[in-house]
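Raw contents of start15.cif, mmCIF, C-alpha atoms:
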```cif
data_query
#
loop_
_atom_site.label_atom_id
_atom_site.label_comp_id
_atom_site.auth_asym_id
_atom_site.auth_seq_id
_atom_site.Cartn_x
_atom_site.Cartn_y
_atom_site.Cartn_z
CA MET L 245 203.58 83.27 -15.74
CA LYS L 246 202.07 85.51 -13.07
CA PRO L 247 203.25 84.84 -9.52
CA GLU L 248 200.71 82.82 -7.59
CA ASP L 249 199.51 84.35 -4.30
CA PRO L 250 201.62 82.34 -1.80
CA ASP L 251 198.77 82.28 0.73
CA GLN L 252 196.42 80.79 -1.83
CA GLU L 253 199.01 78.24 -2.91
CA GLU L 254 199.56 77.29 0.72
CA GLU L 255 195.81 76.98 1.22
CA ILE L 256 195.52 74.65 -1.79
CA GLN L 257 198.52 72.69 -0.52
CA ARG L 258 196.91 72.36 2.93
CA GLN L 259 193.68 71.13 1.37
CA LEU L 260 195.50 68.65 -0.85
CA LYS L 261 197.52 67.29 2.04
CA GLY L 262 194.28 66.95 4.00
CA ALA L 263 192.57 65.13 1.15
CA TYR L 264 195.54 62.85 0.48
CA PRO L 265 196.92 61.56 3.78
CA ALA L 266 200.61 60.60 3.83
CA ILE L 267 201.12 57.16 2.36
CA ASP L 268 203.56 54.54 3.60
CA THR L 269 206.34 54.50 1.00
CA GLU L 270 208.18 51.51 2.49
CA LEU L 271 208.26 48.38 0.33
CA HIS L 272 207.17 45.51 2.57
CA ARG L 273 207.99 42.55 0.35
CA ASP L 274 210.73 41.55 -2.00
CA LEU L 275 209.58 41.94 -5.60
CA TRP L 276 212.44 39.87 -7.07
CA PRO L 277 210.39 36.61 -7.28
CA ALA L 278 207.75 38.47 -9.33
CA MET L 279 210.49 39.96 -11.49
CA LEU L 280 212.06 36.56 -12.05
CA ARG L 281 208.71 35.05 -13.09
CA ARG L 282 208.35 37.86 -15.61
CA ILE L 283 211.83 37.26 -17.02
CA GLN L 284 211.30 33.51 -17.26
CA ALA L 285 208.07 34.08 -19.17
CA GLU L 286 210.02 36.16 -21.71
CA PRO L 287 209.71 34.92 -25.30
CA ALA L 288 212.99 33.50 -26.65
CA ARG L 289 213.89 36.71 -28.41
CA ASP L 290 211.99 39.89 -29.24
CA VAL L 291 212.31 40.64 -32.94
CA PRO L 292 212.30 44.42 -33.47
CA TRP L 293 209.51 45.79 -35.66
CA TYR L 294 211.91 47.04 -38.35
CA ASP L 295 213.20 43.50 -38.88
CA TRP L 296 209.65 42.36 -39.63
CA VAL L 297 209.22 45.30 -42.05
CA LEU L 298 212.50 44.38 -43.78
CA ALA L 299 211.47 40.72 -44.04
CA GLY L 300 208.04 41.73 -45.40
CA CYS L 301 209.58 44.05 -48.01
CA SER L 302 212.01 41.32 -49.10
CA MET L 303 209.17 38.84 -49.57
CA VAL L 304 207.16 41.34 -51.63
CA LEU L 305 210.22 42.12 -53.79
CA LEU L 306 210.87 38.42 -54.34
CA ALA L 307 207.24 37.83 -55.28
CA VAL L 308 207.28 40.68 -57.81
CA PHE L 309 210.83 40.12 -59.12
CA PRO L 310 211.65 36.42 -58.60
CA LYS L 311 215.04 36.83 -60.29
CA LEU L 312 216.15 38.92 -57.31
CA ALA L 313 216.53 35.60 -55.48
CA TRP L 314 219.88 35.20 -57.30
CA LEU L 315 221.02 38.59 -56.01
CA PHE L 316 219.94 37.70 -52.46
CA ALA L 317 221.64 34.32 -52.73
CA TYR L 318 224.84 36.01 -53.94
CA HIS L 319 224.85 38.25 -50.84
CA LEU L 320 224.20 35.43 -48.37
CA MET T 237 228.52 57.34 -2.22
CA GLY T 238 232.11 56.14 -1.60
CA VAL T 239 234.61 55.48 -4.38
CA GLU T 240 234.51 51.73 -3.70
CA GLN T 241 230.70 51.63 -3.72
CA ASN T 242 230.70 53.66 -6.90
CA SER T 243 233.09 51.27 -8.65
CA ASP T 244 231.00 48.31 -7.42
CA LEU T 245 227.93 49.90 -8.98
CA MET T 246 229.81 50.58 -12.22
CA SER T 247 230.95 46.98 -12.39
CA LEU T 248 227.37 45.77 -11.76
CA GLN T 249 226.11 48.07 -14.50
CA GLU T 250 228.73 46.77 -16.93
CA ARG T 251 227.81 43.17 -16.18
CA PHE T 252 224.10 44.00 -16.43
CA ALA T 253 224.59 45.61 -19.86
CA LYS T 254 226.25 42.37 -21.00
CA GLY T 255 223.16 40.44 -19.91
CA ASP T 256 224.35 39.06 -16.55
CA LEU T 257 221.19 38.12 -14.61
CA ASP T 258 222.98 38.11 -11.23
CA ALA T 259 224.10 41.70 -11.82
CA PHE T 260 220.53 42.63 -12.73
CA GLU T 261 219.27 41.00 -9.53
CA ALA T 262 221.81 42.98 -7.48
CA LEU T 263 220.74 46.23 -9.17
CA PHE T 264 217.08 45.29 -8.72
CA ARG T 265 217.55 44.68 -5.01
CA GLN T 266 219.50 47.91 -4.64
CA PHE T 267 216.90 50.09 -6.36
CA GLN T 268 213.51 48.35 -5.95
CA GLY T 269 212.67 50.15 -2.68
CA ARG T 270 213.47 53.60 -4.03
CA VAL T 271 211.64 53.04 -7.30
CA TYR T 272 208.60 51.68 -5.44
CA ALA T 273 208.61 54.64 -3.04
CA TRP T 274 208.66 57.05 -5.96
CA ILE T 275 205.83 55.30 -7.81
CA VAL T 276 203.59 54.86 -4.77
CA ARG T 277 203.79 58.60 -4.09
CA ILE T 278 202.37 59.23 -7.55
CA VAL T 279 199.76 56.47 -7.86
CA ARG T 280 198.93 56.23 -4.12
CA ASP T 281 198.02 52.55 -4.32
CA THR T 282 200.44 49.95 -2.99
CA GLY T 283 199.31 47.09 -5.27
CA ILE T 284 199.51 49.21 -8.41
CA ALA T 285 202.89 50.58 -7.28
CA GLU T 286 204.28 47.05 -6.88
CA ASP T 287 203.07 46.07 -10.35
CA LEU T 288 204.53 49.23 -11.87
CA THR T 289 207.84 48.66 -10.08
CA VAL T 290 208.13 45.21 -11.66
CA GLU T 291 207.07 46.68 -15.02
CA THR T 292 209.75 49.39 -14.68
CA PHE T 293 212.52 46.85 -14.14
CA TRP T 294 211.12 44.60 -16.85
CA ARG T 295 211.46 47.45 -19.36
CA ILE T 296 214.95 48.17 -18.06
CA TYR T 297 215.88 44.51 -18.43
CA LYS T 298 214.58 44.38 -21.98
CA ALA T 299 216.60 47.50 -22.90
CA ARG T 300 219.81 46.25 -21.24
CA GLU T 301 221.74 46.09 -24.51
CA ARG T 302 221.15 49.79 -25.12
CA PHE T 303 222.21 50.79 -21.58
CA ASP T 304 225.47 52.72 -21.29
CA PRO T 305 227.26 51.25 -18.24
CA ALA T 306 228.75 54.68 -17.50
CA ALA T 307 225.27 56.20 -17.21
CA ASP T 308 223.25 56.71 -14.02
CA PHE T 309 221.18 53.53 -13.53
CA GLY T 310 219.08 55.09 -10.75
CA GLY T 311 218.23 58.14 -12.83
CA TRP T 312 217.18 55.91 -15.72
CA ALA T 313 215.04 53.78 -13.42
CA TYR T 314 213.31 56.89 -12.01
CA ARG T 315 212.53 58.18 -15.50
CA VAL T 316 211.09 54.87 -16.67
CA ALA T 317 209.09 54.59 -13.42
CA THR T 318 207.76 58.15 -13.71
CA ASN T 319 206.65 57.61 -17.30
CA LEU T 320 204.83 54.42 -16.35
CA ALA T 321 203.17 56.09 -13.36
CA LEU T 322 202.17 59.04 -15.55
CA SER T 323 200.61 56.67 -18.10
CA TYR T 324 198.74 54.97 -15.27
CA VAL T 325 197.39 58.30 -13.95
CA ARG T 326 196.35 59.20 -17.51
CA ARG T 327 194.40 55.93 -17.92
CA ARG T 328 192.95 55.80 -14.42
CA PRO T 329 189.22 56.51 -14.31
CA ARG T 330 188.64 60.06 -13.08
CA GLU T 331 186.10 59.04 -10.47
CA GLN T 332 188.08 56.13 -9.06
CA GLU T 333 188.28 56.43 -5.31
CA LEU T 334 191.37 55.98 -3.21
CA PRO T 335 191.68 52.65 -1.42
CA ALA T 336 189.49 52.78 1.70
CA GLU T 337 192.44 52.04 3.94
CA VAL T 338 195.49 54.16 3.31
CA PRO T 339 198.55 52.63 4.95
CA GLN T 340 200.10 54.36 7.94
CA GLY T 341 201.27 57.96 8.06
CA PRO T 342 199.89 61.12 9.68
CA ALA T 343 196.11 61.21 9.63
CA ALA T 344 194.21 63.47 7.24
CA ASP T 345 193.47 67.02 8.39
CA PRO T 346 190.50 66.51 10.72
CA ALA T 347 189.31 70.02 9.95
CA LEU T 348 188.45 68.90 6.47
CA ARG T 349 185.14 67.18 6.33
CA ARG T 350 184.88 63.89 4.45
CA GLU T 351 182.67 65.44 1.81
CA GLU T 352 185.12 68.28 1.24
CA ARG T 353 188.00 65.86 0.92
CA GLU T 354 186.10 63.94 -1.71
CA GLN T 355 185.38 67.12 -3.63
CA ILE T 356 189.06 68.06 -3.52
CA ARG T 357 190.11 64.61 -4.74
CA ARG T 358 187.54 64.71 -7.52
CA ALA T 359 188.69 68.15 -8.61
CA PHE T 360 192.33 67.09 -8.44
CA ARG T 361 191.70 63.99 -10.51
CA SER T 362 190.00 66.06 -13.17
CA LEU T 363 193.31 67.86 -13.86
CA PRO T 364 195.49 66.69 -16.76
CA ALA T 365 197.76 63.84 -15.63
CA LYS T 366 201.02 65.78 -16.04
CA PHE T 367 199.70 68.54 -13.74
CA GLN T 368 198.46 65.97 -11.23
CA VAL T 369 201.87 64.30 -11.09
CA ALA T 370 203.80 67.58 -10.74
CA ALA T 371 201.43 68.88 -8.05
CA THR T 372 201.39 65.56 -6.18
CA MET T 373 205.16 65.44 -5.96
CA ALA T 374 205.65 69.14 -5.23
CA LEU T 375 202.70 70.00 -2.97
CA ILE T 376 201.60 66.75 -1.34
CA GLU T 377 204.94 64.92 -1.18
CA GLU T 378 207.03 68.13 -1.00
CA ARG T 379 209.83 66.73 -3.17
CA PRO T 380 212.39 69.23 -4.49
CA TYR T 381 211.66 70.68 -7.95
CA GLN T 382 215.02 69.46 -9.24
CA GLU T 383 214.26 65.87 -8.24
CA ILE T 384 210.83 65.99 -9.91
CA ALA T 385 212.34 67.58 -13.01
CA ASP T 386 215.01 64.87 -13.28
CA ALA T 387 212.44 62.10 -12.96
CA LEU T 388 210.16 63.67 -15.56
CA GLY T 389 213.04 64.55 -17.86
CA ILE T 390 212.02 68.23 -17.99
CA ALA T 391 213.43 71.54 -16.68
CA PRO T 392 212.71 72.62 -13.07
CA GLY T 393 211.03 75.74 -14.50
CA THR T 394 208.57 73.51 -16.37
CA VAL T 395 207.75 71.68 -13.14
CA LYS T 396 207.08 75.03 -11.41
CA SER T 397 204.89 76.10 -14.28
CA ARG T 398 202.90 72.83 -14.11
CA VAL T 399 202.43 73.22 -10.35
CA TYR T 400 201.35 76.84 -10.80
CA ARG T 401 198.81 75.88 -13.45
CA ALA T 402 197.57 72.96 -11.36
CA VAL T 403 196.98 75.28 -8.39
CA ARG T 404 195.15 77.77 -10.58
CA MET T 405 192.94 75.14 -12.19
CA LEU T 406 192.22 73.51 -8.87
CA ARG T 407 191.32 76.82 -7.23
CA LYS T 408 188.95 77.56 -10.08
CA GLN T 409 187.32 74.14 -9.82
CA LEU T 410 187.00 74.34 -6.05
CA ARG T 411 185.51 77.83 -6.22
CA ARG T 412 182.81 76.40 -8.40
CA THR T 413 182.07 73.76 -5.79
CA GLN T 414 182.49 76.28 -2.94
CA VAL T 415 185.14 74.26 -1.09
CA HIS T 416 187.75 76.93 -1.43
CA SER T 417 186.86 80.40 -0.14
#
```

As structure tokens:
Amino acid sequence: MKPEDPDQEEEIQRQLKGAYPAIDTELHRDLWPAMLRRIQAEPARDVPWYDWVLAGCSMVLLAVFPKLAWLFAYHL
Amino acid sequence: MGVEQNSDLMSLQERFAKGDLDAFEALFRQFQGRVYAWIVRIVRDTGIAEDLTVETFWRIYKARERFDPAADFGGWAYRVATNLALSYVRRRPREQELPAEVPQGPAADPALRREEREQIRRAFRSLPAKFQVAATMALIEERPYQEIADALGIAPGTVKSRVYRAVRMLRKQLRRTQVHS
């Protein structure tokens, strides 16, 4: 990485700061009510994708080899 | 941070990891302002920043079972927030203008004409999102490299390199449009 000419970097910085005026970073309202609404809208329980894959594979195995049901039953 | 405050935070984090909603609310109230301030600096739109702040905490809440109570909650929140803001910058239309009314703060450099400012913004928005974010935080917001690096989960040297490349690309673009002499 070649060193950038500091004057040129400062010039770009000056132009950027001119083009993007300072923004107010203060939060002016409490976001907790919005957060709570989001939580309350949460589905009962998120099932991870790998559980769905496992369930799918089990169903396919059972369809192809129905006798495996005995093995599954033994393990339950 | 005092020892007592630190142990309070640790206890909140432990309760949060166990799924205690009151602990999550306390953490939310403690960090929402800082997370919002970080996001709004990147996306420069107050409405979007509020939405992304809620989204950040929503993701944190969903991942509560995987959270190590001994870990730094604030650092985690900053990283989630930065990734969401980065995704937003990536998806944002290149030509989208800034909101007409930018909330308080020092006025724009009057020496820069409106047209020039628009050209600079357009050129800046044409940069890859990761360069935009690094340059925004380092050059416009003047945040320390270490802080930016922590939030992005990269080394400070990588932040410097992104800023350097952003400056070079921007200078090239602006030369083409004759804004930068």

Problem - Length of the atom CA of T:Val395 to atom CA of T:Tyr381 vector [Å] - result: 6.6 Å

Practice task
Determine the residue membership of the PyMOL selection byres ((chain T and resi 374) around 12) for the file above and supply it as JSON, numbers by chain.
Solution key: {"L": [253, 254, 257, 260, 261], "T": [277, 278, 367, 368, 369, 370, 371, 372, 373, 375, 376, 377, 378, 379, 380, 381, 382, 383, 384, 385, 392, 395, 396, 397, 398, 399, 400, 402, 403]}

Exercise for the section: Output as JSON, numbers by chain the set of chain L residues within 10 Å of chain T, with distances taken over all atoms listed in the file. Expected result: {"L": [245, 246, 247, 248, 252, 253, 254, 255, 256, 257, 258, 259, 260, 261, 262, 263, 264, 265, 266, 267, 268, 269, 270, 271, 272, 273, 274, 275, 276, 277, 278, 279, 280, 282, 283, 286, 290]}

Practice task
Give me the result of the PyMOL selection byres ((chain T and resi 315-319) around 7) on this file, residue by residue, as a list in words.
Solution key: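 That expression, the PyMOL selection byres ((chain T and resi 315-319) around 7), corresponds here to Val271, Ile275, Thr289, Thr292, Gly311, Trp312, Ala313, Tyr314, Leu320, Ala321, Leu322, Ser323, Ala387, Leu388 and Gly389 of chain T.
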
Handout entry: One-decimal distance in Å that lies between atom CA of T:Ala365 and atom CA of T:Tyr324
Key = 8.9 Å

Problem - Selection dump of the PyMOL selection byres ((chain T and resi 302) around 12), as a list of chain:residue names - result: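 Evaluating the PyMOL selection byres ((chain T and resi 302) around 12) on this file yields T:Gln249, T:Glu250, T:Phe252, T:Ala253, T:Lys254, T:Gly255, T:Arg295, T:Ile296, T:Tyr297, T:Lys298, T:Ala299, T:Arg300, T:Glu301, T:Phe303, T:Asp304, T:Pro305, T:Ala306, T:Ala307, T:Trp312.
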
Completion exercise
Computed gap from atom CA of L:Asp251 to atom CA of T:Met405 is 15.9 Å

Find the axis-aligned box for stretch 274-286 of chain T, covering all its listed atoms and adding 3 Å on each side, and write its centre and edge lengths in Å to one decimal as lines of an AutoDock Vina configuration file.
```
center_x = 203.3
center_y = 53.1
center_z = -5.7
size_x = 16.6
size_y = 18.2
size_z = 11.4
```

Practice task
Would you mind telling me which residue in L:Ser302, L:Pro292, L:Pro250, L:Arg281 lies nearest to L:Leu315 when using all atoms listed in the file?
Solution key: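 Using all atoms listed in the file, the shortest distance to L:Leu315 belongs to L:Ser302.
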
At the level of all heavy atoms, write stretch 264-279 of chain L to a file as a compact mmCIF listing (two decimals), in the first residue's frame, please.
```txt
# COMPACT_ATOMS: atom_id res chain seq x y z
N TYR L 264 -21.47 15.84 3.35
CA TYR L 264 -22.29 15.13 4.35
C TYR L 264 -22.24 15.90 5.67
O TYR L 264 -21.37 15.64 6.50
CB TYR L 264 -21.76 13.70 4.56
CG TYR L 264 -22.02 12.79 3.40
CD1 TYR L 264 -21.02 12.52 2.46
CD2 TYR L 264 -23.25 12.17 3.23
CE1 TYR L 264 -21.25 11.68 1.40
CE2 TYR L 264 -23.48 11.32 2.16
CZ TYR L 264 -22.48 11.09 1.24
OH TYR L 264 -22.71 10.25 0.18
N PRO L 265 -23.15 16.84 5.85
CA PRO L 265 -23.15 17.63 7.09
C PRO L 265 -23.31 16.73 8.32
O PRO L 265 -23.90 15.65 8.20
CB PRO L 265 -24.36 18.54 6.96
CG PRO L 265 -24.81 18.43 5.56
CD PRO L 265 -24.30 17.14 5.00
N ALA L 266 -22.79 17.19 9.44
CA ALA L 266 -22.87 16.39 10.68
C ALA L 266 -24.33 16.07 10.97
O ALA L 266 -25.21 16.91 10.80
CB ALA L 266 -22.27 17.16 11.83
N ILE L 267 -24.56 14.85 11.39
CA ILE L 267 -25.93 14.40 11.65
C ILE L 267 -26.13 14.29 13.17
O ILE L 267 -25.18 14.02 13.90
CB ILE L 267 -26.20 13.05 10.93
CG1 ILE L 267 -27.68 12.73 10.93
CG2 ILE L 267 -25.38 11.91 11.51
CD1 ILE L 267 -28.09 11.75 9.84
N ASP L 268 -27.35 14.56 13.59
CA ASP L 268 -27.66 14.45 15.02
C ASP L 268 -27.70 12.97 15.39
O ASP L 268 -28.50 12.21 14.85
CB ASP L 268 -29.03 15.10 15.27
CG ASP L 268 -29.48 14.98 16.71
OD1 ASP L 268 -28.64 14.67 17.57
OD2 ASP L 268 -30.67 15.21 16.96
N THR L 269 -26.84 12.56 16.29
CA THR L 269 -26.74 11.13 16.63
C THR L 269 -27.53 10.78 17.90
O THR L 269 -27.49 9.65 18.35
CB THR L 269 -25.27 10.71 16.81
OG1 THR L 269 -24.71 11.51 17.84
CG2 THR L 269 -24.48 10.86 15.54
N GLU L 270 -28.23 11.78 18.43
CA GLU L 270 -29.02 11.56 19.66
C GLU L 270 -30.32 10.81 19.31
O GLU L 270 -30.98 11.16 18.34
CB GLU L 270 -29.36 12.93 20.25
CG GLU L 270 -29.71 12.91 21.72
CD GLU L 270 -28.54 12.59 22.62
OE1 GLU L 270 -27.42 13.04 22.34
OE2 GLU L 270 -28.78 11.87 23.60
N LEU L 271 -30.65 9.81 20.11
CA LEU L 271 -31.91 9.10 19.91
C LEU L 271 -32.99 9.86 20.66
O LEU L 271 -32.89 10.05 21.87
CB LEU L 271 -31.78 7.66 20.45
CG LEU L 271 -33.01 6.76 20.35
CD1 LEU L 271 -33.44 6.57 18.90
CD2 LEU L 271 -32.73 5.40 20.98
N HIS L 272 -34.04 10.30 19.92
CA HIS L 272 -35.02 11.18 20.55
C HIS L 272 -36.28 10.47 21.03
O HIS L 272 -37.21 11.11 21.51
CB HIS L 272 -35.38 12.33 19.61
CG HIS L 272 -34.23 13.24 19.38
ND1 HIS L 272 -33.76 14.10 20.34
CD2 HIS L 272 -33.39 13.36 18.32
CE1 HIS L 272 -32.71 14.75 19.87
NE2 HIS L 272 -32.45 14.32 18.66
N ARG L 273 -36.36 9.16 20.85
CA ARG L 273 -37.52 8.45 21.40
C ARG L 273 -37.07 7.07 21.85
O ARG L 273 -36.08 6.52 21.35
CB ARG L 273 -38.67 8.38 20.40
CG ARG L 273 -38.43 7.49 19.22
CD ARG L 273 -39.57 7.61 18.23
NE ARG L 273 -39.41 6.67 17.12
CZ ARG L 273 -40.01 5.51 17.06
NH1 ARG L 273 -40.82 5.11 18.00
NH2 ARG L 273 -39.83 4.71 16.02
N ASP L 274 -37.84 6.55 22.79
CA ASP L 274 -37.53 5.24 23.33
C ASP L 274 -37.99 4.17 22.33
O ASP L 274 -39.14 4.17 21.90
CB ASP L 274 -38.28 5.08 24.67
CG ASP L 274 -37.98 3.76 25.34
OD1 ASP L 274 -36.98 3.11 24.96
OD2 ASP L 274 -38.75 3.37 26.24
N LEU L 275 -37.10 3.28 21.96
CA LEU L 275 -37.45 2.27 20.97
C LEU L 275 -37.97 0.97 21.61
O LEU L 275 -38.28 0.03 20.90
CB LEU L 275 -36.23 1.97 20.08
CG LEU L 275 -35.71 3.13 19.24
CD1 LEU L 275 -34.46 2.71 18.46
CD2 LEU L 275 -36.77 3.63 18.26
N TRP L 276 -38.02 0.96 22.96
CA TRP L 276 -38.46 -0.28 23.63
C TRP L 276 -39.87 -0.72 23.21
O TRP L 276 -40.07 -1.91 22.95
CB TRP L 276 -38.34 -0.16 25.15
CG TRP L 276 -38.81 -1.40 25.84
CD1 TRP L 276 -39.91 -1.54 26.62
CD2 TRP L 276 -38.21 -2.71 25.77
NE1 TRP L 276 -40.04 -2.84 27.06
CE2 TRP L 276 -39.01 -3.58 26.54
CE3 TRP L 276 -37.09 -3.23 25.11
CZ2 TRP L 276 -38.72 -4.94 26.69
CZ3 TRP L 276 -36.80 -4.59 25.27
CH2 TRP L 276 -37.61 -5.41 26.04
N PRO L 277 -40.86 0.20 23.11
CA PRO L 277 -42.19 -0.26 22.69
C PRO L 277 -42.15 -0.98 21.34
O PRO L 277 -42.82 -2.01 21.16
CB PRO L 277 -43.02 1.04 22.62
CG PRO L 277 -42.32 1.95 23.59
CD PRO L 277 -40.86 1.63 23.48
N ALA L 278 -41.35 -0.46 20.40
CA ALA L 278 -41.24 -1.11 19.08
C ALA L 278 -40.58 -2.48 19.23
O ALA L 278 -40.98 -3.45 18.58
CB ALA L 278 -40.43 -0.23 18.13
N MET L 279 -39.60 -2.54 20.12
CA MET L 279 -38.89 -3.81 20.36
C MET L 279 -39.85 -4.84 20.95
O MET L 279 -39.87 -6.00 20.53
CB MET L 279 -37.74 -3.53 21.33
CG MET L 279 -36.84 -4.70 21.61
SD MET L 279 -35.74 -5.05 20.23
CE MET L 279 -36.42 -6.55 19.60
```
